[in-house]
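*Asks:* Quick one: the structure is below, and I'll ask about it shortly.
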Amino acid sequence: MIVLGIILALIGYFTTLSFLTPIGIILIVVGLVLTVLGSMGRAVGGRKTWF
């Protein structure tokens, strides 16, 4: 999820598809939150790590 967010944010930044940048940033933030929760031992949605 974090990698997809980075890719979408970069595509949105370097092209005229400006709607991809906020979507990418949202995916990065959600991925980081899920990764932090998983590292604390709390499984979210049955998974400890979201890629």
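Residues in the structure tokens are named by chain (A, B, ... in the order shown) and by number from 1 within that chain; ligands are numbered from 1 in the order shown.
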Return as a VMD selection string the full set of residues in chain A whose backbone-based DSSP assignment is alpha helix (DSSP H).
*Replies:* chain A and resid 2 to 14 20 to 39
*Asks:* Contacts of A:Thr21 at 6 Å or less, counting only C-alpha atoms, minus same-chain residues fewer than 2 places along, as a list of chain:residue names?
*Replies:*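 Here the answer would be A:Ala9, A:Gly12, A:Ser18, A:Phe19, A:Ile23, A:Gly24.
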*Asks:* Grab the atom CA of A:Val33 to atom CA of A:Phe14 distance for me, in Å with one decimal place.
*Replies:*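 Those two atoms sit 26.0 Å apart.
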*Asks:* What's around A:Ile2 at 9 Å? Count only C-alpha atoms, leave out sequence neighbours fewer than 4 positions away in its own chain, and write the answer as a list in words.
*Replies:*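 The residues satisfying every condition are Ile6, Ile7, Gly24, Leu27, Ile28, Val29, Val30, Gly31, Leu32, Trp50 and Phe51 of chain A.
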*Asks:* What separation in Å, quoted to one decimal, exists between atom CA of A:Thr35 and atom CA of A:Leu4?
*Replies:*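 Between these atoms lies a distance of 14.3 Å.
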*Asks:* So how many Å separate atom CA of A:Ile25 and atom CA of A:Leu10, to one decimal?
*Replies:* 9.8 Å
